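*Asks:* Once you've had a glance at the structure underneath, I'll fire off some questions.
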Amino acid sequence: MVMDLRDKGNGPGRRTLLKSAAFGMFAFSVAGIDMLLSPQEARARDAALTVLSHDEAALLEAFGEALVPGARVAGIAHFVDANLARPHAQSLLTARYLDVLPPHDAFYREGLAALDRASHAALGAPFVQVSAEQAKPLIAAMLPGTIAPWHGPPPALFYLAVRSDAADLVYGTPAAFARMNVPYMPHIAPPGDW
Amino acid sequence: MVRPVSHNQAHSPTRHARVDAVIVGAGAAGNVFAAVLAEAGKSVLVLDPGPAWKPADLYSSAIWSRRLRWGGPPVESTGANAFGAGFNAGWGTGGAALHHYGTWPRLMPADFTMQSDHGKGLDWPIGYDDLRPFYDRVQTEVGVSGDAVAEIWRPAGEPYPLPPLQQFAQARLLAKCFHASGMKTAPSPMAILSQDYKGRPACLYDGWCDAGCPIGALANPLVTYHPRAIKAGAKFVNHAHVTRLLPGKTARVAAGVDYVDAAGTTHTVLADMVILAASTISNPTILLNSTGGDWHLGAGNSSGLVGRYFMTHSITSVYGFFDDEETENYLGVTGAQATNMDHYGKLSLGDGAFGSLQWQLAPTMKPNDLLGVAMARADLFGADLTRFMERAVHHLAVMFGFGEGLPLLDNRVELSDRVGPGGTRTPRVVHAFAPESIRLSQNAAKLGLKIVASGGASEPWAGPMANAHMMGGTIMGTDPHRSVTDSFGRSHDIGNLIIAGPGLYPTAGAMNPNFTNHALALRNAEHAVSRWLS
């Protein structure tokens, strides 16, 4: 579902965007035009990122895809980025459940940087350039906390948070339920496809 | 009419009109107090830091349900077994009870006498018989479904007003496992309607309880005591973060509270009675931040025990596959479909374990989220996870063993060095299970693996020990030097301060706390009315 906000007088005021966000979509900017998009749509349209840099987003996509195949196309980078841009009380990130102290942008940035350094040290290349098979031992060392070198948030916590973000998008949407032949059965359907 | 007035650096100090009672927190206990006091003719103002949720806000989505969790100042969680504050605490009207699962067992009589019986932990200042009539009344008020006869472990009390909830394949398969092990099961006692009741509709079994129940089949405060409180004239102010209690003319009196609104403006509410019904973490946080007047250690803290004896339940998860069956693990309710309490006796698991154990069978598992299918094997990723998911969403079954955590002095809510609203300090929760509590979880895992294997589940495994529910921190007791309140939640130190919620519990049992929370709040609210300021 895409909503172009250009027809709102002088553009979408913050009130409009917040109201729309409350109804289940995120505001993204595509070529200078504010739109309400799902993360997958935002990625497909190359929507601008608010918090993460291009390189950080690419790394998050690579890591998310390695954890949960399908996360890249599902828009994990835009999902995380949009939530990091929201007030903490409105965030939908699992980091909230995992008692990661806000602000969460530092958690993601430092975790991604630590992963990339570990990839350089262990695999001789940045994480975005290694294959899933090459990355497997590195990732497998995160949950038990044996990955080295690691200079960032607790590796198990970072692994669980990003893995859950990816699982949300790949397995937690009405479309994903349908793909798995699991009935969604909503009382109140979430807006859009997630 | 209650009209807020404000004061901060930018505005002149202003105050609300004085009220009979100010209630801090619009969760389960706060709404019970608000209803009882307002119906008794008291002017009541309820302050809550979160938003005013409405049923229409409760999207059926594990992703969106995260808005219902604590969204206030950060809670640091630390210790050898750090407590999951972010998952357990609520945010906004309804509090944690808005996203709770409605699993409502009663505490057992032996939960009230642990110190006397075993020389461990603490005793309650009341016994089961003191709470029994309030359990009975609350279950009739809100509608609890279950089978009192099948629950052979259940203490004395009126039968449930509603028959048990429907069960699905996952529950039937796991029940067979218990029966094959010579153990019984019973339908879980649930505060979820199996039939239409008092104008509320019956459950649809779609398993979205965790995201809040917009139809009101699950007894969250939005459909139980909150409407009663509103009807009786209680006023609710949301986005009102209470920062501290204000000292009165003497240290024995609280004059009221200060709160900070969403714009950062501080308001003062003066009241004859202060009811502290915020969360188990927020109550001690507010008390410890209240250092005005002679409250040098914090309000109500002459014992030094405010924040102490924080408790949680261990969770032992046991999984197994039934590849020849569709387990329907996406159907039912998030809490549990069936229960077993054969090992509720404090010593019954033996081998170094101490404490009660309650099994909850066949909670709904959605594919994602903390208690979902993907997290059942958090170690899997990539293609291995994809294969696991394809199998597990249709063939996995799970049961949770809730284990009792002992009341330990060192487990605590304390103030961190972080600065929160109004210049207060934010909370830190320090928690570690006692060695015998860890052994309890380990023994439960061994037992659970035997049970599911005996019933034909393949590849059974146990997940890592987790925790849920929060209790203690403002415990009640008879001795002012060894507890924070008396049995009615009245502060030993401050005559017009009542504390409510599971923070009062001196022991945790192994039962989900919300039924007891309601029963205790009803008892204490009615006592407050009958002995108003006496």
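Residue names in the structure tokens use chain letters A, B, ... in the order shown, residue numbers from 1 in each chain, and ligand numbers from 1 in the order shown.
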Just the residues within 9 Å of B:Arg67, please, counting only C-alpha atoms, with nothing from its chain fewer than 5 positions along; format it as a PDB file with N, CA and C atoms, in the first residue's frame.
*Replies:*
ATOM      1  N   ALA A  89       9.061   5.188  22.621  1.00  0.00           N
ATOM      2  CA  ALA A  89       7.794   4.574  23.030  1.00  0.00           C
ATOM      3  C   ALA A  89       7.004   4.052  21.841  1.00  0.00           C
ATOM      4  N   GLN A  90       7.335   4.516  20.638  1.00  0.00           N
ATOM      5  CA  GLN A  90       6.619   4.054  19.445  1.00  0.00           C
ATOM      6  C   GLN A  90       7.425   3.034  18.647  1.00  0.00           C
ATOM      7  N   SER A  91       8.591   2.703  19.122  1.00  0.00           N
ATOM      8  CA  SER A  91       9.438   1.756  18.395  1.00  0.00           C
ATOM      9  C   SER A  91       8.815   0.362  18.409  1.00  0.00           C
ATOM     10  N   LEU A  92       8.971  -0.344  17.285  1.00  0.00           N
ATOM     11  CA  LEU A  92       8.462  -1.710  17.173  1.00  0.00           C
ATOM     12  C   LEU A  92       9.599  -2.726  17.150  1.00  0.00           C
TER      13      LEU A  92
ATOM     14  N   TRP B  91       2.629  -0.366  29.353  1.00  0.00           N
ATOM     15  CA  TRP B  91       2.766   1.045  28.991  1.00  0.00           C
ATOM     16  C   TRP B  91       1.396   1.592  28.629  1.00  0.00           C
TER      17      TRP B  91
END
*Asks:* Among chain A, which ones does DSSP place in strand (DSSP E or B), written as a compact mmCIF listing (two decimals) with N, CA and C atoms, in the first residue's frame?
*Replies:*
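Written file, result-v1.txt:
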# COMPACT_ATOMS: atom_id res chain seq x y z
N MET A 3 0.92 5.48 -0.13
CA MET A 3 0.13 6.69 -0.02
C MET A 3 1.04 7.88 -0.31
N ASP A 4 0.73 8.59 -1.38
CA ASP A 4 1.50 9.78 -1.73
C ASP A 4 0.86 10.95 -1.00
N PHE A 26 4.99 3.70 7.80
CA PHE A 26 6.06 4.64 8.10
C PHE A 26 6.17 5.66 6.98
N ALA A 27 6.57 6.84 7.36
CA ALA A 27 6.80 7.87 6.36
C ALA A 27 8.22 7.73 5.83
N PHE A 28 8.32 7.62 4.53
CA PHE A 28 9.62 7.58 3.87
C PHE A 28 9.65 8.67 2.82
N SER A 29 10.84 9.11 2.50
CA SER A 29 11.01 10.12 1.46
C SER A 29 11.59 9.45 0.22
N VAL A 30 10.86 9.56 -0.88
CA VAL A 30 11.32 9.01 -2.16
C VAL A 30 11.46 10.16 -3.14
N ILE A 33 9.80 13.24 -2.11
CA ILE A 33 8.36 13.21 -1.86
C ILE A 33 8.10 12.27 -0.69
N ASP A 34 7.37 12.75 0.31
CA ASP A 34 7.07 11.92 1.47
C ASP A 34 5.94 10.95 1.15
N MET A 35 6.17 9.70 1.47
CA MET A 35 5.18 8.66 1.21
C MET A 35 5.06 7.75 2.42
N LEU A 36 3.92 7.15 2.57
CA LEU A 36 3.74 6.14 3.60
C LEU A 36 3.87 4.78 2.93
N LEU A 37 4.89 4.04 3.36
CA LEU A 37 5.25 2.80 2.68
C LEU A 37 5.52 1.70 3.69
*Asks:* Could you give me, as number ranges by chain, the residues within 7 Å of A:His78, counting only C-alpha atoms and dropping anything in the same chain fewer than 3 positions from it?
*Replies:* A: 39, 42-43, 49, 75, 81-82
*Asks:* With only C-alpha atoms considered, list every residue of chain A at most 9 Å from chain B, as a PyMOL selection string.
*Replies:* chain A and resi 22-24+65-69+88-102+132+136+139-140+143-144+160+163-165+167-174+177+180-191+194
*Asks:* With only C-alpha atoms as the counted atoms, please give the residues lying no more than 8 Å from B:Pro189, apart from itself and same-chain residues fewer than 3 positions off, as a PyMOL selection string.
*Replies:* chain B and resi 103-105+144-147+164
*Asks:* Those selected residues, please, written with C-alpha atoms and delivered as a PDB file, in the first residue's frame.
*Replies:*
ATOM      1  CA  THR B 103      -3.640 -17.235  32.897  1.00  0.00           C
ATOM      2  CA  TRP B 104      -5.209 -16.971  36.328  1.00  0.00           C
ATOM      3  CA  PRO B 105      -4.311 -19.697  38.820  1.00  0.00           C
ATOM      4  CA  VAL B 144     -12.807 -16.936  34.505  1.00  0.00           C
ATOM      5  CA  SER B 145     -13.045 -20.136  32.471  1.00  0.00           C
ATOM      6  CA  GLY B 146     -11.851 -23.463  33.816  1.00  0.00           C
ATOM      7  CA  ASP B 147     -12.678 -26.781  35.390  1.00  0.00           C
ATOM      8  CA  PRO B 164     -13.080 -24.271  30.175  1.00  0.00           C
TER       9      PRO B 164
END
*Asks:* For B:Ala26, please output as a PDB file with C-alpha atoms, in the first residue's frame all residues within 8 Å (counting only C-alpha atoms; exclusion window: fewer than 6 positions along the same chain).
*Replies:*
ATOM      1  CA  VAL B  46      -5.507   8.407  38.196  1.00  0.00           C
ATOM      2  CA  LEU B  47      -2.158   9.346  36.674  1.00  0.00           C
ATOM      3  CA  ASP B  48      -0.423   7.159  34.120  1.00  0.00           C
ATOM      4  CA  GLY B  92      -0.412   3.076  29.149  1.00  0.00           C
ATOM      5  CA  THR B  93      -3.895   2.471  30.431  1.00  0.00           C
ATOM      6  CA  GLY B  94      -4.258  -1.181  31.312  1.00  0.00           C
ATOM      7  CA  GLY B  95      -0.573  -1.515  32.154  1.00  0.00           C
ATOM      8  CA  PHE B 236      -7.684   9.599  34.261  1.00  0.00           C
ATOM      9  CA  ALA B 277      -0.202   1.364  41.894  1.00  0.00           C
ATOM     10  CA  ALA B 278       2.501   1.751  39.286  1.00  0.00           C
TER      11      ALA B 278
END
*Asks:* Show which residues sit within 8 Å of A:Glu110, as a PDB file with C-alpha atoms, in the first residue's frame. Count only C-alpha atoms, and ignore same-chain residues fewer than 4 positions away.
*Replies:*
ATOM      1  CA  ALA A 106      24.069   3.456  18.863  1.00  0.00           C
ATOM      2  CA  ALA A 114      31.850  -4.733  15.460  1.00  0.00           C
ATOM      3  CA  GLY A 152      30.542  -3.628  20.534  1.00  0.00           C
ATOM      4  CA  PRO A 153      27.330  -4.478  22.329  1.00  0.00           C
TER       5      PRO A 153
END
*Asks:* Fewer than 3 positions away in the same chain doesn't count, so skip those; otherwise give me all residues within 6 Å of stretch 486-503 of chain B, counting only C-alpha atoms, as a list in words.
*Replies:*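 After dropping sequence-adjacent residues, the list is Ala29, Pro125, Arg252, Val253, Met273, Val274, Ile275, Leu276, Ala277, Thr280, Gly300, Met471, Gly472, Gly473, Thr474, Met476, Gly477, Thr478, Pro480, Asn517 and Asn524 of chain B.
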*Asks:* Which one is closest to B:Leu520: B:Arg200, B:Lys120, B:Arg377, B:Arg106? Count only C-alpha atoms.
*Replies:*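 Using only C-alpha atoms, the shortest distance to B:Leu520 belongs to B:Arg106.
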*Asks:* Just the number, please: distance in Å from atom CA of B:Leu297 to atom CA of B:Thr265, one decimal.
*Replies:*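 For atom CA of B:Leu297 relative to atom CA of B:Thr265, the distance reads 26.0 Å.
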*Asks:* Report, in Å with one decimal, the straight-line distance from atom CA of B:Cys203 to atom CA of B:Ala150.
*Replies:*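 Separation of atom CA of B:Cys203 and atom CA of B:Ala150: 21.2 Å.
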*Asks:* Pick the closest to A:Ala161 from A:Met142, A:Leu52, A:Ala135, A:Ala74: which is it, counting only C-alpha atoms?
*Replies:*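 Looking only at the distances to A:Ala161, the closest residue turns out to be A:Met142.
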*Asks:* Select from chain A everything DSSP, run on the backbone, classes as alpha helix (DSSP H), then give the selection as an MDAnalysis selection string.
*Replies:* chainID A and resid 14:22 39:44 54:67 71:74 76:84 104:123 132:140 155:171 174:179
*Asks:* Would you compute the distance between atom CA of B:Tyr319 and atom CA of B:Val398? Give it in Å to one decimal.
*Replies:*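 That distance, rounded to one decimal, is 4.5 Å.
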